[in-house]
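Below is one structure, written out as structure tokens; the observations come after it.
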Number of protein chains: 2
Amino acid sequence: MKLTILGCYSATPQIHTNPTAQILEIKNHTFLIDCGEGTQVELRRNKIKFGRIKHIFISHLHGDHCFGLAGLISTFRLLTREADLHIYAPKGLKEVITLQMKLAESWTNYRLIFHELSSNSSELIYEDDKVEVYTIPLDHRIYTNGFLFKEKLGERKLDMNAVLNADIDVAYYRKLKQGADVPNNDGDLVANDEVTLDPKPPKSYAFCSDTAYNESIVPIIKDVTVLYHESTFTEKHKELAAPTKHSTAREAATIAKKAHAGHLILGHYSTRYDSLDVFKEEAATIFKEVSLAKDGLTFTFD
Amino acid sequence: MKLTILGCYSATPQIHTNPTAQILEIKNHTFLIDCGEGTQVELRRNKIKFGRIKHIFISHLHGDHCFGLAGLISTFRLLTREADLHIYAPKGLKEVITLQMKLAESWTNYRLIFHELSSNSSELIYEDDKVEVYTIPLDHRIYTNGFLFKEKLGERKLDMNAVLNADIDVAYYRKLKQGADVPNNDGDLVANDEVTLDPKPPKSYAFCSDTAYNESIVPIIKDVTVLYHESTFTEKHKELAAPTKHSTAREAATIAKKAHAGHLILGHYSTRYDSLDVFKEEAATIFKEVSLAKDGLTFTFD
């Protein structure tokens, strides 16, 4: 599981700071999460292959999270993309993009499939045999979802020495991987756990931006491997966090602690701060395993 | 008259090439012409003060000419702009921007005034006591205008030695500047041209992008001081220019020559070319006074 931060600042793109966008590589997927203005250039800078992106998740319709999408869709068209593109976004974005394509008389040659979100409860929005994606309803000024990406538990691994010693026919290997007890060549039943090993524990990633401090997300993201939680402000500017429905670094850390997250990544910083160190210091008083997102930084979690 | 190229490439923003946007400073105005994705960052990089921009001219609704506008409008709002903003653009853009603001629940605190263009004839779209702006109907795949910015002829200048020798009362100076003959203190009529000098010749700038080769614009831009004309391709790729309704460098130079332009600036290059020198060489065989636009380059015309 690998996370590449394309942009982690709030509000408005500047020369050295990009609005929100990130790439999550998980189980052979390349998921794009949010798409602020300039995201397509950051994808190039970080050498992410455009053709690998098949699913885009948009948290909400503030410009710093979605104004790069129309350009990316248009660039995919110019690059003669053929593969379907799925976009999971609040209701309304489909109308904007469709209108932009209509006015430009530039329809995509590939299929553009919008999955419009409007529920206020966590829901499963994507699933295949390896991964599930759920929404995380957030508390922001407009309708906003975070996203929880969960690896599914893999198959059990064969302990080959034990399997050979038990004299089990190769025809039963598939059933063994699925957890079943199987007979050996003498007709005796062999207990599964005597000849197989646990699969690697599945990893998970929760993206929570933008949101006020909101304990109701804790049960949804419980025990998540990695939590990205916005911290637009530090406690010094706490009075700005409430009316704008953003969080402080301390609040982000409190959510991470309550959710028993494995690791916390902070981001969505206001551009008013000269140094980001204060965010990490503030969060670390509550939750030790904390990192700072930075544009262009990659996190690998194995 | 000063022109700053923020972006001069076609199709799609890349790491070192920006889509179309430029700033024309003329008679104390700071006009923004086109606004591709990333324009707000290029404005910062080129140290253009956001508050100076009061009029934005959008040629057409392909993304590489307008996808940066929603973000710029949003950033103006975040910077608590109060001054009116006028946008001259093809019909349709107002609907897109309005929908984006509605979905974001982020209306501007300043007045946003759209001047929707739909005429296929050149028309006067802005005028004050110093400057006029006309549309230049272009021939592209969708409805597109170039823009002609014309300084008005200034007042005549007083030749102070002659004025004093002629013994003209100061009360008549204003009339003299306006070109009138006036009486001197002896009651004799003094011919205006005996005591005044011609004003500086007014300058003009024509922005023509995107367009196929189109001689019908020649009368509109006749004798223009500076012509920016797109040259997406060189003659080597002429077979691409016709179906996409773009021009070659040679065609741009032919228009400049026919219009008796003072100077030609080429731009809107396809990103397929490693070097731009071939554009200049090709154009120079037809029209000598030619320059290449480059992102971040400023041209001053005095």
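So you can find residues: chains in the structure tokens are A, B, ... in the order shown, residues in each start at 1, and ligands are numbered from 1 in order.
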Using only C-alpha atoms, what table do you get, as a tab-separated table, when you list each residue of chain A with an atom no more than 10 Å from chain B, its nearest pair of atoms, and their distance in Å rounded to one decimal, rows by chain then rising number?
```
residue	atom	partner	partner_atom	distance
A:Ala11	CA	B:Thr75	CA	7.7
A:Thr12	CA	B:Thr75	CA	6.1
A:Pro13	CA	B:Val41	CA	6.5
A:Gln14	CA	B:Val41	CA	5.4
A:Ile15	CA	B:Val41	CA	5.6
A:His16	CA	B:Val41	CA	9.1
A:Thr17	CA	B:Val41	CA	9.7
A:Asn18	CA	B:Val41	CA	9.8
A:Gly36	CA	B:Gly71	CA	9.2
A:Glu37	CA	B:Gly38	CA	6.7
A:Gly38	CA	B:Gly38	CA	6.0
A:Thr39	CA	B:Gly38	CA	9.7
A:Gln40	CA	B:Pro13	CA	7.6
A:Val41	CA	B:Gln14	CA	5.4
A:Glu42	CA	B:Ile15	CA	7.8
A:Leu43	CA	B:Ile15	CA	9.5
A:Arg44	CA	B:Ile15	CA	7.0
A:Arg45	CA	B:Ile15	CA	6.6
A:His60	CA	B:Ala104	CA	8.2
A:Leu61	CA	B:Ala104	CA	5.3
A:His62	CA	B:Ala104	CA	5.0
A:Gly63	CA	B:Gly71	CA	6.4
A:Asp64	CA	B:Gly71	CA	7.9
A:Cys66	CA	B:Gly71	CA	9.8
A:Phe67	CA	B:Gly71	CA	6.7
A:Gly68	CA	B:Glu37	CA	7.6
A:Leu69	CA	B:Phe67	CA	9.7
A:Ala70	CA	B:Phe67	CA	7.4
A:Gly71	CA	B:Gly63	CA	6.4
A:Leu72	CA	B:Thr12	CA	8.7
A:Ser74	CA	B:Gly63	CA	7.4
A:Thr75	CA	B:Thr12	CA	6.1
A:Phe76	CA	B:Thr12	CA	9.7
A:Leu78	CA	B:Ala11	CA	7.7
A:Leu79	CA	B:Thr12	CA	9.8
A:Pro90	CA	B:Leu103	CA	9.4
A:Lys91	CA	B:Leu103	CA	9.0
A:Gly92	CA	B:Leu103	CA	6.7
A:Leu93	CA	B:Leu103	CA	8.2
A:Glu95	CA	B:Leu99	CA	8.6
A:Val96	CA	B:Val96	CA	6.4
A:Ile97	CA	B:Val96	CA	8.8
A:Thr98	CA	B:Val96	CA	9.9
A:Leu99	CA	B:Val96	CA	6.8
A:Gln100	CA	B:Val96	CA	6.9
A:Met101	CA	B:His62	CA	8.6
A:Lys102	CA	B:Gly92	CA	9.6
A:Leu103	CA	B:Leu61	CA	6.3
A:Ala104	CA	B:His62	CA	5.0
A:Glu105	CA	B:Ile142	CA	7.2
A:Ser106	CA	B:His62	CA	8.0
A:Arg141	CA	B:Glu105	CA	8.4
A:Ile142	CA	B:Ala104	CA	6.9
A:Tyr143	CA	B:Ala104	CA	9.1
```
Just-selected residues, C-alpha atoms written as a compact mmCIF listing (two decimals), in the first residue's frame:
```txt
# COMPACT_ATOMS: atom_id res chain seq x y z
CA ALA A 11 -7.94 26.88 -0.27
CA THR A 12 -5.87 28.03 -3.22
CA PRO A 13 -2.93 26.79 -5.30
CA GLN A 14 0.28 28.78 -4.93
CA ILE A 15 3.71 28.52 -6.50
CA HIS A 16 5.01 25.89 -4.08
CA THR A 17 1.78 24.48 -2.60
CA ASN A 18 -0.88 22.43 -4.35
CA GLY A 36 -7.63 20.20 -7.15
CA GLU A 37 -6.45 22.57 -9.89
CA GLY A 38 -3.10 21.48 -11.30
CA THR A 39 -3.47 17.80 -10.38
CA GLN A 40 -2.68 16.61 -13.91
CA VAL A 41 0.67 18.39 -13.80
CA GLU A 42 1.45 16.89 -10.38
CA LEU A 43 0.58 13.43 -11.75
CA ARG A 44 3.20 13.99 -14.45
CA ARG A 45 5.74 15.36 -11.96
CA HIS A 60 -16.73 17.47 -1.98
CA LEU A 61 -17.32 20.25 -4.46
CA HIS A 62 -15.15 23.04 -3.06
CA GLY A 63 -12.78 24.09 -5.81
CA ASP A 64 -9.56 23.07 -4.04
CA CYS A 66 -12.25 19.25 -7.71
CA PHE A 67 -11.26 22.10 -10.06
CA GLY A 68 -8.58 19.95 -11.72
CA LEU A 69 -11.01 17.24 -12.79
CA ALA A 70 -12.38 18.81 -15.99
CA GLY A 71 -8.84 19.33 -17.27
CA LEU A 72 -7.78 15.79 -16.40
CA SER A 74 -10.04 16.49 -21.19
CA THR A 75 -6.37 15.44 -21.21
CA PHE A 76 -7.36 11.75 -21.04
CA LEU A 78 -6.56 14.10 -25.98
CA LEU A 79 -4.35 11.14 -25.09
CA PRO A 90 -21.27 14.29 -4.68
CA LYS A 91 -24.34 14.80 -6.84
CA GLY A 92 -23.82 17.87 -9.03
CA LEU A 93 -20.34 17.27 -10.39
CA GLU A 95 -23.83 18.16 -14.33
CA VAL A 96 -20.83 20.55 -14.25
CA ILE A 97 -18.53 18.27 -16.23
CA THR A 98 -21.24 17.40 -18.74
CA LEU A 99 -21.96 21.09 -19.31
CA GLN A 100 -18.25 21.85 -19.79
CA MET A 101 -17.89 19.04 -22.35
CA LYS A 102 -21.05 20.15 -24.14
CA LEU A 103 -19.88 23.78 -24.43
CA ALA A 104 -16.45 22.64 -25.65
CA GLU A 105 -18.08 20.13 -28.02
CA SER A 106 -15.48 17.73 -26.66
CA ARG A 141 -19.81 23.34 5.24
CA ILE A 142 -21.17 21.41 2.25
CA TYR A 143 -21.93 17.73 1.64
```
Per-residue DSSP, region 54-144 of chain B, filtered to alpha helix (DSSP H), as a VMD selection string: chain B and resid 63 to 66 69 to 78 93 to 104
Keeping only C-alpha atoms, write the selected residues as a PDB file, in the first residue's frame.
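Below is the file out29.pdb, written as the result:
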```
ATOM      1  CA  GLY B  63     -10.474  23.843 -21.530  1.00  0.00           C
ATOM      2  CA  ASP B  64      -6.975  25.058 -22.328  1.00  0.00           C
ATOM      3  CA  HIS B  65      -8.395  28.597 -22.554  1.00  0.00           C
ATOM      4  CA  CYS B  66     -10.808  28.691 -19.607  1.00  0.00           C
ATOM      5  CA  LEU B  69     -11.203  30.713 -14.399  1.00  0.00           C
ATOM      6  CA  ALA B  70     -13.326  29.038 -11.715  1.00  0.00           C
ATOM      7  CA  GLY B  71     -10.265  28.725  -9.476  1.00  0.00           C
ATOM      8  CA  LEU B  72      -9.224  32.331 -10.038  1.00  0.00           C
ATOM      9  CA  ILE B  73     -12.725  33.600  -9.217  1.00  0.00           C
ATOM     10  CA  SER B  74     -12.693  31.455  -6.088  1.00  0.00           C
ATOM     11  CA  THR B  75      -9.259  32.722  -5.038  1.00  0.00           C
ATOM     12  CA  PHE B  76     -10.385  36.346  -5.517  1.00  0.00           C
ATOM     13  CA  ARG B  77     -13.230  35.539  -3.109  1.00  0.00           C
ATOM     14  CA  LEU B  78     -10.875  34.018  -0.532  1.00  0.00           C
ATOM     15  CA  LEU B  93     -19.439  30.142 -19.363  1.00  0.00           C
ATOM     16  CA  LYS B  94     -21.683  32.113 -17.008  1.00  0.00           C
ATOM     17  CA  GLU B  95     -23.844  29.009 -16.578  1.00  0.00           C
ATOM     18  CA  VAL B  96     -20.810  26.806 -15.770  1.00  0.00           C
ATOM     19  CA  ILE B  97     -19.303  29.211 -13.251  1.00  0.00           C
ATOM     20  CA  THR B  98     -22.669  29.892 -11.626  1.00  0.00           C
ATOM     21  CA  LEU B  99     -23.301  26.159 -11.237  1.00  0.00           C
ATOM     22  CA  GLN B 100     -19.840  25.624  -9.723  1.00  0.00           C
ATOM     23  CA  MET B 101     -20.392  28.416  -7.202  1.00  0.00           C
ATOM     24  CA  LYS B 102     -23.858  27.111  -6.362  1.00  0.00           C
ATOM     25  CA  LEU B 103     -22.594  23.560  -5.715  1.00  0.00           C
ATOM     26  CA  ALA B 104     -19.734  24.897  -3.577  1.00  0.00           C
TER      27      ALA B 104
END
```
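Of all the residues in region 125-185 of chain B, the ones DSSP labels as strand (DSSP E) from the backbone are Ile125, Tyr126, Glu127, Val131, Glu132, Val133, Tyr134, Thr135, Ile136, Pro137, Asn145, Gly146, Phe147, Leu148, Phe149, Lys150, Glu151, Lys157, Leu158, Val182 and Pro183 of chain B.
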Give me, as a tab-separated table, each residue of region 123-230 of chain A that comes within 6 Å of region 235-253 of chain A, together with its shortest interatomic pair and the distance in Å at one decimal, counting only C-alpha atoms, with rows ordered by chain and rising residue number.
```
residue	atom	partner	partner_atom	distance
A:His140	CA	A:Lys245	CA	5.1
A:Thr211	CA	A:His246	CA	5.0
A:Ala212	CA	A:His246	CA	4.3
A:Tyr213	CA	A:Ser247	CA	5.5
A:His229	CA	A:Ala252	CA	5.7
```
Atoms kept (N, CA and C atoms) for selection, written as an mmCIF file, in the first residue's frame:
```cif
data_model
loop_
_atom_site.group_PDB
_atom_site.id
_atom_site.type_symbol
_atom_site.label_atom_id
_atom_site.label_comp_id
_atom_site.auth_asym_id
_atom_site.auth_seq_id
_atom_site.Cartn_x
_atom_site.Cartn_y
_atom_site.Cartn_z
ATOM 1 N N HIS A 140 -18.707 19.035 7.179
ATOM 2 C CA HIS A 140 -18.086 20.218 6.584
ATOM 3 C C HIS A 140 -19.196 21.206 6.167
ATOM 4 N N THR A 211 -13.162 18.297 7.248
ATOM 5 C CA THR A 211 -14.127 18.020 8.316
ATOM 6 C C THR A 211 -13.806 18.767 9.603
ATOM 7 N N ALA A 212 -14.876 19.152 10.282
ATOM 8 C CA ALA A 212 -14.749 19.588 11.667
ATOM 9 C C ALA A 212 -14.451 18.348 12.510
ATOM 10 N N TYR A 213 -14.035 18.561 13.748
ATOM 11 C CA TYR A 213 -13.844 17.436 14.673
ATOM 12 C C TYR A 213 -15.147 16.670 14.763
ATOM 13 N N HIS A 229 -5.925 12.641 8.092
ATOM 14 C CA HIS A 229 -6.962 13.511 8.650
ATOM 15 C C HIS A 229 -6.532 14.951 8.472
#
```
Counting only C-alpha atoms, the option among A:Leu117, A:Leu3, A:Ile217, A:Val182 closest to Leu24 (chain A): A:Leu3
Separation of CA of Phe114 (chain B) from CA of Ile87 (chain B), in Å and rounded to one decimal: 4.8 Å
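Here CA of Lys288 (chain B) stands at a distance of 25.0 Å from CA of Glu25 (chain B).
Contact shell of Ser216 (chain A) at 10 Å (only C-alpha atoms; same-chain neighbours under 2 positions omitted): Ile136, Pro137, Leu138, Asp139, Tyr213, Asn214, Val218, Pro219, Ile220, Ile221 and Ile255 of chain A.
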